[in-house]
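**Q** Next up, structure.txt (compact mmCIF, C-alpha atoms).
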```
# COMPACT_ATOMS: atom_id res chain seq x y z
CA MET T 1 32.03 14.97 6.20
CA SER T 2 33.14 12.00 4.10
CA GLU T 3 31.11 11.27 1.00
CA LYS T 4 28.30 8.71 1.35
CA LYS T 5 27.33 6.73 -1.72
CA ILE T 6 23.70 5.59 -1.87
CA LEU T 7 22.27 3.27 -4.52
CA LEU T 8 18.53 3.71 -5.16
CA LEU T 9 16.99 0.82 -7.08
CA GLY T 10 13.75 2.02 -8.67
CA SER T 11 12.57 5.43 -9.83
CA GLY T 12 8.83 5.17 -9.18
CA PHE T 13 6.73 7.91 -7.63
CA VAL T 14 7.75 7.20 -4.00
CA ALA T 15 11.46 7.53 -4.89
CA ALA T 16 11.51 11.33 -5.29
CA PRO T 17 10.69 12.23 -1.64
CA SER T 18 13.46 9.88 -0.47
CA VAL T 19 15.95 11.49 -2.85
CA GLU T 20 14.86 15.01 -1.89
CA TYR T 21 15.39 14.23 1.80
CA LEU T 22 18.81 12.62 1.31
CA VAL T 23 20.37 15.23 -1.00
CA ARG T 24 19.79 17.95 1.58
CA ARG T 25 23.09 16.66 2.97
CA PRO T 26 25.79 17.55 0.40
CA GLU T 27 27.94 14.55 1.35
CA ASN T 28 25.20 12.20 0.13
CA LYS T 29 25.62 11.10 -3.49
CA VAL T 30 22.71 9.10 -4.91
CA THR T 31 22.87 6.75 -7.89
CA ILE T 32 19.35 6.23 -9.27
CA ALA T 33 19.09 2.90 -11.09
CA SER T 34 16.10 1.95 -13.23
CA ARG T 35 15.34 -0.56 -15.95
CA ARG T 36 14.47 2.38 -18.18
CA LEU T 37 17.30 4.91 -18.16
CA ALA T 38 14.94 7.75 -19.17
CA ASN T 39 12.98 7.30 -15.93
CA ALA T 40 16.12 7.47 -13.79
CA GLN T 41 17.38 10.50 -15.75
CA ALA T 42 14.07 12.34 -15.31
CA LEU T 43 14.39 11.99 -11.52
CA ALA T 44 18.13 12.72 -11.41
CA GLN T 45 17.67 15.97 -13.35
CA LYS T 46 15.61 17.38 -10.48
CA TYR T 47 18.16 16.90 -7.71
CA PRO T 48 21.84 17.80 -7.22
CA GLY T 49 24.23 15.07 -6.19
CA THR T 50 22.46 12.38 -8.21
CA VAL T 51 23.35 10.33 -11.28
CA ALA T 52 21.20 8.01 -13.37
CA VAL T 53 22.12 4.52 -14.56
CA THR T 54 20.26 1.71 -16.25
CA CYS T 55 20.05 -1.67 -14.57
CA ASP T 56 18.20 -4.93 -15.23
CA ILE T 57 17.12 -6.47 -11.93
CA ASN T 58 17.33 -9.92 -13.50
CA ASP T 59 21.07 -9.41 -14.14
CA GLU T 60 22.48 -10.62 -10.83
CA LYS T 61 26.07 -9.67 -11.74
CA ALA T 62 25.07 -6.10 -12.66
CA ILE T 63 23.16 -5.70 -9.38
CA GLU T 64 26.11 -7.04 -7.40
CA ASP T 65 28.56 -4.69 -9.14
CA LEU T 66 26.35 -1.68 -8.38
CA VAL T 67 25.85 -2.67 -4.74
CA ALA T 68 29.61 -3.13 -4.29
CA GLN T 69 30.25 0.49 -5.35
CA HIS T 70 27.96 2.05 -2.72
CA ASP T 71 27.69 2.35 1.07
CA LEU T 72 23.97 1.59 1.24
CA VAL T 73 21.24 0.41 -1.12
CA ILE T 74 17.58 1.49 -1.03
CA SER T 75 15.45 -1.11 -2.81
CA LEU T 76 12.16 0.30 -4.11
CA ILE T 77 11.72 -2.39 -6.74
CA PRO T 78 9.05 -5.14 -6.46
CA TYR T 79 9.46 -7.08 -3.22
CA ILE T 80 10.12 -10.38 -5.00
CA TYR T 81 13.60 -9.03 -5.93
CA HIS T 82 14.65 -7.83 -2.45
CA ALA T 83 16.24 -11.16 -1.49
CA LEU T 84 18.55 -10.89 -4.51
CA VAL T 85 19.61 -7.39 -3.41
CA ILE T 86 20.12 -8.51 0.21
CA LYS T 87 22.30 -11.42 -0.96
CA ALA T 88 24.58 -9.01 -2.86
CA ALA T 89 24.63 -6.58 0.09
CA ILE T 90 25.70 -9.32 2.51
CA LYS T 91 28.54 -10.36 0.21
CA HIS T 92 29.89 -6.80 0.08
CA LYS T 93 28.86 -5.80 3.65
CA LYS T 94 26.52 -2.98 2.57
CA ASN T 95 23.41 -1.82 4.43
CA VAL T 96 19.93 -2.07 2.86
CA VAL T 97 16.61 -0.20 3.28
CA THR T 98 13.24 -1.25 1.84
CA THR T 99 9.66 -0.13 2.44
CA SER T 100 8.31 -3.66 1.91
CA TYR T 101 7.02 -6.27 4.34
CA VAL T 102 9.69 -8.77 5.35
CA SER T 103 9.04 -11.87 3.23
CA PRO T 104 10.14 -15.41 4.18
CA ALA T 105 12.74 -15.23 1.38
CA MET T 106 14.18 -12.04 2.90
CA MET T 107 14.10 -13.42 6.45
CA GLU T 108 16.26 -16.35 5.35
CA TYR T 109 19.17 -13.89 5.19
CA ASP T 110 18.74 -12.65 8.79
CA GLN T 111 21.64 -14.61 10.31
CA ALA T 112 23.90 -13.96 7.31
CA ALA T 113 23.18 -10.22 7.62
CA LYS T 114 24.05 -10.33 11.33
CA ASP T 115 27.24 -12.24 10.56
CA ALA T 116 28.14 -9.61 7.96
CA GLY T 117 27.39 -6.84 10.48
CA ILE T 118 24.86 -5.11 8.21
CA THR T 119 21.47 -3.54 8.80
CA VAL T 120 18.64 -4.61 6.46
CA MET T 121 15.86 -2.19 7.46
CA ASN T 122 12.39 -2.95 6.06
CA GLU T 123 8.75 -1.90 6.48
CA ILE T 124 9.64 1.77 6.76
CA GLY T 125 7.14 3.56 4.53
CA LEU T 126 3.52 4.31 5.41
CA ASP T 127 1.73 0.99 5.78
CA PRO T 128 3.94 -0.76 6.68
CA GLY T 129 5.98 1.92 8.39
CA ILE T 130 4.37 4.91 10.08
CA ASP T 131 1.64 2.56 11.35
CA HIS T 132 4.26 0.46 13.17
CA LEU T 133 6.04 3.49 14.67
CA TYR T 134 2.99 4.82 16.48
CA ALA T 135 1.38 1.47 17.31
CA VAL T 136 4.53 0.25 19.02
CA ARG T 137 5.00 3.57 20.86
CA THR T 138 1.53 3.42 22.44
CA ILE T 139 1.73 -0.32 23.17
CA GLU T 140 5.12 0.07 24.89
CA GLU T 141 3.81 3.01 26.95
CA VAL T 142 0.76 1.00 28.11
CA HIS T 143 2.92 -2.00 29.03
CA GLN T 144 5.41 0.15 30.93
CA LYS T 145 2.47 1.34 33.07
CA GLU T 146 1.42 -2.32 33.57
CA GLY T 147 -1.67 -1.90 31.40
CA LYS T 148 -3.04 -4.40 28.89
CA MET T 149 -3.77 -3.80 25.21
CA MET T 150 -7.08 -5.66 24.85
CA GLU T 151 -7.93 -4.54 21.30
CA PHE T 152 -5.83 -3.12 18.47
CA ILE T 153 -7.72 -2.06 15.34
CA SER T 154 -5.95 -0.19 12.53
CA PHE T 155 -7.19 0.95 9.13
CA CYS T 156 -5.24 2.79 6.42
CA GLY T 157 -6.20 4.08 2.99
CA GLY T 158 -4.59 6.04 0.19
CA LEU T 159 -7.49 7.82 -1.49
CA PRO T 160 -8.33 10.82 -3.63
CA ALA T 161 -9.08 13.93 -1.58
CA PRO T 162 -12.89 14.20 -1.18
CA GLU T 163 -13.27 16.77 -3.97
CA ASP T 164 -11.41 14.46 -6.37
CA SER T 165 -13.24 11.22 -5.46
CA ASN T 166 -15.34 11.84 -8.56
CA ASN T 167 -16.00 8.31 -9.83
CA PRO T 168 -18.10 5.32 -8.70
CA PHE T 169 -15.22 3.74 -6.79
CA GLY T 170 -14.25 6.95 -4.99
CA TYR T 171 -10.73 5.83 -5.86
CA LYS T 172 -7.88 6.67 -8.25
CA PHE T 173 -4.83 4.72 -9.26
CA SER T 174 -1.36 5.90 -8.35
CA TRP T 175 -0.12 2.37 -9.13
CA SER T 176 -1.34 -0.65 -11.07
CA ALA T 177 -5.13 -1.03 -11.31
CA ARG T 178 -4.52 -4.75 -11.63
CA GLY T 179 -2.78 -4.87 -8.26
CA VAL T 180 -5.60 -2.96 -6.57
CA LEU T 181 -8.32 -5.20 -8.01
CA LEU T 182 -6.45 -8.48 -7.47
CA ALA T 183 -6.04 -7.53 -3.79
CA LEU T 184 -9.84 -7.83 -3.55
CA ASN T 185 -9.38 -11.57 -4.20
CA ASN T 186 -7.09 -11.93 -1.17
CA THR T 187 -8.09 -13.72 2.00
CA ALA T 188 -8.11 -11.57 5.14
CA LYS T 189 -7.38 -13.19 8.48
CA TYR T 190 -7.75 -11.44 11.82
CA LEU T 191 -8.52 -11.97 15.49
CA GLU T 192 -11.90 -10.73 16.71
CA ASN T 193 -13.28 -11.30 20.22
CA GLY T 194 -10.81 -14.11 20.76
CA LYS T 195 -11.64 -15.98 17.53
CA VAL T 196 -9.68 -16.16 14.28
CA VAL T 197 -11.82 -14.96 11.35
CA GLU T 198 -11.03 -15.67 7.68
CA VAL T 199 -12.86 -13.98 4.80
CA SER T 200 -12.20 -13.85 1.06
CA GLY T 201 -13.75 -12.88 -2.26
CA THR T 202 -17.24 -11.39 -2.03
CA ALA T 203 -17.29 -12.23 1.70
CA LEU T 204 -14.34 -9.83 2.13
CA MET T 205 -16.38 -7.03 0.57
CA ASP T 206 -19.43 -8.02 2.68
CA SER T 207 -17.26 -7.83 5.81
CA ALA T 208 -16.57 -4.11 5.26
CA ARG T 209 -17.72 -2.07 8.23
CA LYS T 210 -18.42 1.62 8.61
CA LEU T 211 -15.67 3.13 10.69
CA PRO T 212 -16.37 5.49 13.61
CA THR T 213 -13.24 7.57 13.07
CA GLY T 214 -14.33 10.72 14.88
CA TYR T 215 -14.15 12.56 11.53
CA PRO T 216 -17.81 12.74 10.41
CA GLY T 217 -16.83 14.60 7.24
CA PHE T 218 -15.45 11.34 5.86
CA ALA T 219 -17.67 8.34 5.00
CA PHE T 220 -15.21 5.49 5.38
CA VAL T 221 -15.54 1.71 5.42
CA GLY T 222 -12.82 -0.78 6.25
CA TYR T 223 -12.11 -4.45 5.59
CA GLY T 224 -9.34 -6.81 6.66
CA ASN T 225 -5.98 -6.71 4.89
CA ARG T 226 -3.99 -9.93 4.57
CA ASP T 227 -3.08 -11.73 7.82
CA SER T 228 -3.31 -9.70 11.05
CA THR T 229 -2.85 -12.69 13.36
CA PRO T 230 1.00 -12.56 13.63
CA TYR T 231 0.75 -9.11 15.23
CA ASP T 232 0.15 -10.56 18.70
CA LYS T 233 3.83 -11.55 18.52
CA ARG T 234 5.12 -8.72 16.32
CA TYR T 235 3.59 -6.06 18.57
CA HIS T 236 4.07 -8.08 21.79
CA ILE T 237 0.36 -8.04 22.69
CA PRO T 238 -0.47 -11.68 23.56
CA GLU T 239 -3.25 -10.37 25.81
CA ALA T 240 -5.22 -8.85 22.92
CA THR T 241 -8.55 -10.49 22.04
CA THR T 242 -9.04 -8.40 18.87
CA ILE T 243 -6.29 -7.56 16.36
CA ILE T 244 -7.43 -6.18 13.00
CA ARG T 245 -5.29 -4.39 10.41
CA GLY T 246 -7.30 -3.35 7.40
CA THR T 247 -7.80 -1.31 4.27
CA LEU T 248 -9.89 1.84 4.28
CA ARG T 249 -12.05 3.06 1.38
CA TYR T 250 -14.86 5.53 0.82
CA ASP T 251 -18.32 4.07 1.37
CA GLY T 252 -19.64 2.64 -1.92
CA PHE T 253 -16.34 1.12 -3.06
CA CYS T 254 -17.06 -2.34 -1.64
CA GLN T 255 -20.62 -2.59 -2.97
CA PHE T 256 -19.45 -1.69 -6.47
CA ALA T 257 -16.43 -4.02 -6.30
CA LYS T 258 -18.66 -6.89 -5.13
CA ALA T 259 -20.98 -6.45 -8.14
CA LEU T 260 -17.99 -6.52 -10.52
CA PHE T 261 -16.73 -9.62 -8.72
CA LYS T 262 -20.06 -11.41 -9.21
CA LEU T 263 -20.06 -10.52 -12.92
CA GLY T 264 -16.64 -12.16 -13.23
CA PHE T 265 -14.60 -9.00 -13.81
CA LEU T 266 -11.98 -9.98 -11.25
CA SER T 267 -11.27 -13.22 -13.12
CA GLU T 268 -7.98 -13.96 -14.90
CA GLN T 269 -9.48 -16.90 -16.82
CA PRO T 270 -8.52 -16.57 -20.51
CA LEU T 271 -11.45 -15.90 -22.85
CA ALA T 272 -11.23 -16.40 -26.61
CA HIS T 273 -13.32 -13.31 -27.44
CA LEU T 274 -10.89 -11.11 -25.44
CA ALA T 275 -7.68 -12.56 -26.90
CA ALA T 276 -5.21 -10.19 -28.56
CA ASP T 277 -5.91 -11.71 -31.99
CA ALA T 278 -9.72 -11.76 -31.60
CA SER T 279 -12.07 -9.44 -33.49
CA ASP T 280 -12.97 -6.05 -32.05
CA ILE T 281 -15.70 -6.30 -29.45
CA ALA T 282 -17.86 -3.68 -27.74
CA TRP T 283 -18.48 -3.26 -24.02
CA ASN T 284 -22.15 -4.19 -24.32
CA GLN T 285 -21.18 -7.45 -26.05
CA VAL T 286 -18.63 -8.28 -23.33
CA VAL T 287 -21.16 -7.51 -20.57
CA ALA T 288 -23.88 -9.53 -22.31
CA GLN T 289 -21.62 -12.60 -22.27
CA ALA T 290 -20.51 -12.00 -18.67
CA SER T 291 -24.04 -11.46 -17.36
CA GLY T 292 -25.93 -13.95 -19.54
CA ALA T 293 -28.13 -11.18 -21.01
CA SER T 294 -30.42 -12.11 -23.88
CA SER T 295 -29.20 -9.16 -26.00
CA THR T 296 -26.96 -6.09 -25.92
CA ASN T 297 -29.96 -3.82 -25.37
CA ALA T 298 -29.31 -1.63 -22.30
CA ASP T 299 -32.53 -2.70 -20.56
CA ASP T 300 -31.70 -6.39 -21.08
CA LEU T 301 -28.18 -5.82 -19.79
CA ARG T 302 -29.44 -4.04 -16.66
CA ALA T 303 -31.97 -6.82 -15.96
CA ALA T 304 -29.29 -9.50 -16.34
CA ILE T 305 -26.87 -7.60 -14.09
CA ILE T 306 -29.55 -7.11 -11.41
CA ALA T 307 -30.28 -10.85 -11.47
CA LYS T 308 -26.66 -12.05 -11.48
CA CYS T 309 -25.50 -9.57 -8.81
CA ASP T 310 -28.55 -9.98 -6.52
CA LEU T 311 -29.37 -6.28 -6.76
CA ALA T 312 -33.18 -6.55 -6.88
CA ASN T 313 -33.65 -5.38 -3.29
CA ASP T 314 -30.26 -3.78 -2.83
CA PRO T 315 -30.44 -0.11 -1.75
CA ASN T 316 -27.21 0.47 -3.70
CA GLN T 317 -28.70 -0.76 -7.00
CA THR T 318 -28.96 2.67 -8.64
CA ALA T 319 -25.43 3.70 -7.63
CA ILE T 320 -23.97 0.41 -8.88
CA LEU T 321 -25.76 0.58 -12.26
CA ASP T 322 -24.75 4.25 -12.60
CA GLY T 323 -21.17 3.16 -11.99
CA MET T 324 -21.35 0.51 -14.68
CA ARG T 325 -22.79 3.08 -17.07
CA TRP T 326 -19.83 5.34 -16.22
CA ILE T 327 -17.36 2.58 -17.12
CA GLY T 328 -19.16 2.18 -20.46
CA PHE T 329 -20.81 -1.21 -19.94
CA PHE T 330 -23.97 -0.30 -21.88
CA THR T 331 -22.21 1.30 -24.87
CA ASP T 332 -20.92 -0.02 -28.16
CA ASN T 333 -17.47 1.47 -27.40
CA LYS T 334 -14.73 -0.99 -28.33
CA VAL T 335 -12.88 -2.53 -25.37
CA HIS T 336 -9.11 -2.91 -25.03
CA ARG T 337 -8.97 -6.68 -25.15
CA GLY T 338 -6.83 -7.93 -22.26
CA GLY T 339 -7.20 -11.67 -22.75
CA ASN T 340 -9.51 -11.95 -19.73
CA LEU T 341 -12.20 -9.91 -17.98
CA LEU T 342 -9.87 -8.51 -15.30
CA ASP T 343 -7.27 -7.06 -17.68
CA THR T 344 -9.94 -5.80 -20.09
CA LEU T 345 -11.59 -3.91 -17.22
CA CYS T 346 -8.24 -2.62 -15.93
CA ALA T 347 -7.37 -1.10 -19.30
CA THR T 348 -10.50 1.08 -19.17
CA LEU T 349 -10.21 1.91 -15.45
CA GLU T 350 -6.60 3.02 -15.87
CA GLU T 351 -7.75 5.44 -18.59
CA LYS T 352 -10.64 6.82 -16.55
CA MET T 353 -9.27 6.77 -13.00
CA GLN T 354 -5.90 8.50 -13.13
CA TYR T 355 -5.14 11.61 -11.08
CA GLU T 356 -5.60 14.61 -13.36
CA GLU T 357 -3.42 17.72 -13.25
CA GLY T 358 -4.13 19.64 -10.05
CA GLU T 359 -5.95 16.75 -8.32
CA ARG T 360 -4.63 15.64 -4.96
CA ASP T 361 -4.54 12.47 -2.96
CA MET T 362 -5.05 11.87 0.74
CA ILE T 363 -3.82 9.42 3.36
CA PHE T 364 -5.99 8.46 6.31
CA LEU T 365 -4.49 6.13 8.91
CA GLN T 366 -6.06 5.45 12.28
CA HIS T 367 -5.26 3.10 15.15
CA ARG T 368 -7.85 2.39 17.81
CA PHE T 369 -6.57 1.04 21.13
CA GLU T 370 -8.76 -0.51 23.83
CA ILE T 371 -6.71 -0.42 27.03
CA GLU T 372 -7.29 -2.02 30.41
CA TRP T 373 -5.28 -0.44 33.22
CA LYS T 374 -3.85 -2.18 36.29
CA ASP T 375 -6.75 -0.96 38.48
CA GLY T 376 -9.33 -2.48 36.09
CA SER T 377 -10.34 0.85 34.52
CA LYS T 378 -10.67 1.02 30.73
CA GLU T 379 -9.64 3.60 28.17
CA THR T 380 -10.07 4.03 24.42
CA ARG T 381 -7.43 5.91 22.44
CA THR T 382 -7.11 6.76 18.78
CA SER T 383 -3.99 7.72 16.88
CA THR T 384 -4.69 9.40 13.54
CA LEU T 385 -2.76 10.61 10.50
CA VAL T 386 -4.55 12.73 7.89
CA GLU T 387 -2.20 13.86 5.14
CA PHE T 388 -3.09 15.67 1.90
CA ALA T 389 -0.97 16.19 -1.19
CA ASP T 390 1.08 19.37 -1.22
CA PRO T 391 -0.12 21.50 -4.17
CA ASN T 392 3.49 22.62 -4.71
CA GLY T 393 5.14 19.33 -3.80
CA PHE T 394 4.58 15.64 -3.45
CA GLN T 395 1.45 13.54 -3.43
CA ALA T 396 0.55 12.38 0.09
CA MET T 397 1.24 8.69 -0.67
CA ALA T 398 4.66 9.42 -2.15
CA LYS T 399 5.60 11.64 0.78
CA THR T 400 4.43 9.28 3.54
CA VAL T 401 6.26 6.32 1.99
CA GLY T 402 9.36 8.10 0.69
CA VAL T 403 10.21 10.38 3.62
CA PRO T 404 10.32 7.65 6.33
CA CYS T 405 12.50 5.62 3.97
CA GLY T 406 14.86 8.58 3.56
CA ILE T 407 14.98 9.17 7.32
CA ALA T 408 15.84 5.54 8.10
CA THR T 409 18.54 5.65 5.43
CA GLN T 410 20.08 8.78 6.94
CA LEU T 411 20.03 7.34 10.47
CA ILE T 412 21.93 4.26 9.24
CA LEU T 413 24.46 6.43 7.38
CA ASP T 414 24.95 8.53 10.52
CA GLY T 415 25.56 5.44 12.65
CA LYS T 416 22.47 6.08 14.79
CA LEU T 417 20.58 2.99 13.63
CA THR T 418 22.97 0.08 14.07
CA LYS T 419 20.90 -3.01 14.84
CA THR T 420 22.00 -5.78 12.48
CA GLY T 421 20.03 -8.45 10.66
CA VAL T 422 16.77 -8.32 8.68
CA ILE T 423 14.71 -5.94 10.84
CA ALA T 424 11.50 -3.88 10.93
CA PRO T 425 10.51 -0.93 13.18
CA MET T 426 9.19 -2.94 16.12
CA SER T 427 10.96 -1.40 19.13
CA SER T 428 11.48 2.08 20.58
CA ASP T 429 15.28 2.03 20.14
CA ILE T 430 14.71 1.93 16.36
CA ASN T 431 11.47 3.89 16.23
CA ASP T 432 11.96 6.91 18.49
CA PRO T 433 14.74 8.55 16.41
CA ILE T 434 12.67 8.01 13.24
CA ILE T 435 9.53 9.52 14.84
CA GLU T 436 11.51 12.57 15.99
CA LEU T 437 12.78 13.30 12.47
CA LEU T 438 9.44 12.43 10.86
CA GLU T 439 7.61 14.98 12.99
CA LYS T 440 10.18 17.62 11.99
CA GLU T 441 8.92 17.00 8.44
CA GLY T 442 5.35 17.72 9.59
CA ILE T 443 4.28 14.06 9.43
CA GLY T 444 2.94 12.40 12.55
CA MET T 445 -0.06 10.73 14.15
CA ILE T 446 -2.21 12.64 16.63
CA GLU T 447 -3.28 10.70 19.70
CA LYS T 448 -6.58 11.28 21.51
CA VAL T 449 -8.19 9.70 24.55
CA LEU T 450 -11.90 9.25 23.85
```
Would you mind writing the file out in structure tokens?
**A**
Amino acid sequence: MSEKKILLLGSGFVAAPSVEYLVRRPENKVTIASRRLANAQALAQKYPGTVAVTCDINDEKAIEDLVAQHDLVISLIPYIYHALVIKAAIKHKKNVVTTSYVSPAMMEYDQAAKDAGITVMNEIGLDPGIDHLYAVRTIEEVHQKEGKMMEFISFCGGLPAPEDSNNPFGYKFSWSARGVLLALNNTAKYLENGKVVEVSGTALMDSARKLPTGYPGFAFVGYGNRDSTPYDKRYHIPEATTIIRGTLRYDGFCQFAKALFKLGFLSEQPLAHLAADASDIAWNQVVAQASGASSTNADDLRAAIIAKCDLANDPNQTAILDGMRWIGFFTDNKVHRGGNLLDTLCATLEEKMQYEEGERDMIFLQHRFEIEWKDGSKETRTSTLVEFADPNGFQAMAKTVGVPCGIATQLILDGKLTKTGVIAPMSSDINDPIIELLEKEGIGMIEKVL
């Protein structure tokens, strides 16, 4: 076998499962490039056939030189840089794999990628990724049998395993707390009963619904994630009257997040008392200003919070106030001033909500299909993935993002995935070979007819 040279941009926690999968083949040689050389070296030391280099993503010439030296580039850096990588790959006729959604900036290179004869494979992680593979498979099967897909509802969450969901959010950060909290400010758009629905801010948290997953041991809620409306075209289901793709959390997360939202803790507005050069300030002082409390006395703070967050008759009042106590809102502990309420909160949450040694994460992904067959009969199906961290291996999130990425990379290197242009896993010719290899790794969705 001739040697295959793979460039991996990024050394974050989803990179390792991709590397582990690829270096099983001795002809694969992986160059791990990171802004911080120490991070790339730490990953390279664990796997044979790898070398570490340092690379600044803002140095276009350096990126281009690295791309030119390899057969394929995996881009696991922030999505805003993918277009830069694709541009270099087109120039040197190199294939690309990312786990990110295809952005408009990336799609602009579609024709140029086709002209160069290269594959730019995207959306091949977990969500997006595994969700597409199994949604498309079921939809294509139904259409082949002349059935209609009347409703498609899908929720996915990366969460702590139940025994490690030991904080008021029922959540832990495997990436930036800021990113998680800012996502709560997003607008969700979806199709429900033939009507387009848009919700944002506190309305997004209010829209969370309890999910009948068929797994009563889990208390899940779900809310819309970004814009689901293009999926009538992406999944070829123009007949669908409901299309919802959403985020899944443990029950309690949304109520707590909504209270923090109302207090202003999701705001990026600069505040003088939280500036880097301001005097030290305690949590109770910060909360008094945010809530309009008359003093920093705990009872006054609680009363102000109840008023501002409309908690007087809320059955979740005790749980929400307990959560704020857990963060430290009623103490005279000094805050890490972040310049605004959001970043000040994030600094404390990142301290208190990391995965500890021995704790494990969990992935829960479920599609719900409402099908109408040619004879008018109806059927409900679910397709479910429940994945836990391996105590002796990877976290569930890292595995379910990194392994599909590694598989797609290998299929391109082997000449089995040859479609050119800027693509995503939206058809069986791309998806079926990936599903086959994914299930050999013990990862797959289980389908049930209800």
**Q** Neighbours of region 257-260 of chain T within 7 Å (all atoms listed in the file; same-chain residues fewer than 4 positions away dropped), as a list in words?
**A**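 The contact residues come out as Thr202, Met205, Phe253, Gly264, Phe265, Leu266 and Cys309 of chain T.
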**Q** Those same residues - C-alpha atoms - I'd like them written as an mmCIF file, in the frame of the given file.
**A**
```cif
data_model
loop_
_atom_site.group_PDB
_atom_site.id
_atom_site.type_symbol
_atom_site.label_atom_id
_atom_site.label_comp_id
_atom_site.auth_asym_id
_atom_site.auth_seq_id
_atom_site.Cartn_x
_atom_site.Cartn_y
_atom_site.Cartn_z
ATOM 1 C CA THR T 202 -17.240 -11.390 -2.030
ATOM 2 C CA MET T 205 -16.380 -7.030 0.570
ATOM 3 C CA PHE T 253 -16.340 1.120 -3.060
ATOM 4 C CA GLY T 264 -16.640 -12.160 -13.230
ATOM 5 C CA PHE T 265 -14.600 -9.000 -13.810
ATOM 6 C CA LEU T 266 -11.980 -9.980 -11.250
ATOM 7 C CA CYS T 309 -25.500 -9.570 -8.810
#
```
**Q** Mind pulling up the distance from CA of Ile306 (chain T) to CA of Leu248 (chain T)?
**A**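 Interatomic distance here is 26.7 Å.
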**Q** List the neighbours of Arg325 (chain T) out to 10 Å using only C-alpha atoms; skip same-chain residues closer than 5 positions along the sequence, and give me the result as a list of chain:residue names.
**A**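 Listed by chain and then number, they are T:Pro168, T:Ala298, T:Arg302, T:Ala319, T:Ile320, T:Phe330, T:Thr331.
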**Q** Around region 325-344 of chain T, with edges along x, y and z and 3 Å added on all six sides, what centre and edge lengths do you get, in Å to one decimal, as lines of an AutoDock Vina configuration file?
**A**
```
center_x = -15.4
center_y = -3.3
center_z = -21.8
size_x = 23.1
size_y = 23.3
size_z = 19.0
```
**Q** Between CA of Ala113 (chain T) and CA of Pro78 (chain T), what is the distance in Å, rounded to a tenth?
**A**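 Straight-line distance from CA of Ala113 (chain T) to CA of Pro78 (chain T) works out to 20.6 Å.
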**Q** Nearest residue to Met107 (chain T) out of T:Gly338, T:Gly147, T:Gly421, T:Gly12, using only C-alpha atoms?
**A**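 Answer, going by the shortest atom-to-atom distance: T:Gly421.
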**Q** Of the residues T:Tyr21, T:Tyr134, T:Tyr250, T:Phe364, which is the one nearest to Glu441 (chain T), using only C-alpha atoms?
**A**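 Of T:Tyr21, T:Tyr134, T:Tyr250, T:Phe364, the one nearest Glu441 (chain T) is T:Tyr21, counting only C-alpha atoms.
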**Q** Using only C-alpha atoms, what residues lie at most 12 Å away from (31.0, 0.0, -4.5) (file coordinates), given as a PDB file with C-alpha atoms, in the coordinates of the input?
**A**
```pdb
ATOM      1  CA  LYS T   4      28.300   8.710   1.350  1.00  0.00           C
ATOM      2  CA  LYS T   5      27.330   6.730  -1.720  1.00  0.00           C
ATOM      3  CA  ILE T   6      23.700   5.590  -1.870  1.00  0.00           C
ATOM      4  CA  LEU T   7      22.270   3.270  -4.520  1.00  0.00           C
ATOM      5  CA  THR T  31      22.870   6.750  -7.890  1.00  0.00           C
ATOM      6  CA  ALA T  62      25.070  -6.100 -12.660  1.00  0.00           C
ATOM      7  CA  ILE T  63      23.160  -5.700  -9.380  1.00  0.00           C
ATOM      8  CA  GLU T  64      26.110  -7.040  -7.400  1.00  0.00           C
ATOM      9  CA  ASP T  65      28.560  -4.690  -9.140  1.00  0.00           C
ATOM     10  CA  LEU T  66      26.350  -1.680  -8.380  1.00  0.00           C
ATOM     11  CA  VAL T  67      25.850  -2.670  -4.740  1.00  0.00           C
ATOM     12  CA  ALA T  68      29.610  -3.130  -4.290  1.00  0.00           C
ATOM     13  CA  GLN T  69      30.250   0.490  -5.350  1.00  0.00           C
ATOM     14  CA  HIS T  70      27.960   2.050  -2.720  1.00  0.00           C
ATOM     15  CA  ASP T  71      27.690   2.350   1.070  1.00  0.00           C
ATOM     16  CA  LEU T  72      23.970   1.590   1.240  1.00  0.00           C
ATOM     17  CA  VAL T  73      21.240   0.410  -1.120  1.00  0.00           C
ATOM     18  CA  ALA T  88      24.580  -9.010  -2.860  1.00  0.00           C
ATOM     19  CA  ALA T  89      24.630  -6.580   0.090  1.00  0.00           C
ATOM     20  CA  LYS T  91      28.540 -10.360   0.210  1.00  0.00           C
ATOM     21  CA  HIS T  92      29.890  -6.800   0.080  1.00  0.00           C
ATOM     22  CA  LYS T  93      28.860  -5.800   3.650  1.00  0.00           C
ATOM     23  CA  LYS T  94      26.520  -2.980   2.570  1.00  0.00           C
ATOM     24  CA  ASN T  95      23.410  -1.820   4.430  1.00  0.00           C
TER      25      ASN T  95
END
```
**Q** Can you tell me how far CA of Leu84 (chain T) sits from CA of Ser100 (chain T), in Å to one decimal?
**A**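 One can read the CA of Leu84 (chain T) to CA of Ser100 (chain T) distance as 14.1 Å.
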**Q** Which of these residues is nearest to Ala16 (chain T), using all atoms listed in the file: T:Asn28, T:Ser294, T:Thr400, T:Asn340?
**A** T:Thr400
**Q** Produce a table with one row for each residue of region 42-133 of chain T that has an atom at most 12 Å from any atom of region 384-394 of chain T, each row naming the nearest atom pair and its distance in Å at one decimal; use only C-alpha atoms; arrange rows by chain and rising residue number; format as JSON lines.
**A**
```
{"residue": "T:Leu126", "atom": "CA", "partner": "T:Leu385", "partner_atom": "CA", "distance": 10.2}
{"residue": "T:Asp127", "atom": "CA", "partner": "T:Leu385", "partner_atom": "CA", "distance": 11.6}
{"residue": "T:Ile130", "atom": "CA", "partner": "T:Leu385", "partner_atom": "CA", "distance": 9.1}
{"residue": "T:Asp131", "atom": "CA", "partner": "T:Leu385", "partner_atom": "CA", "distance": 9.2}
```
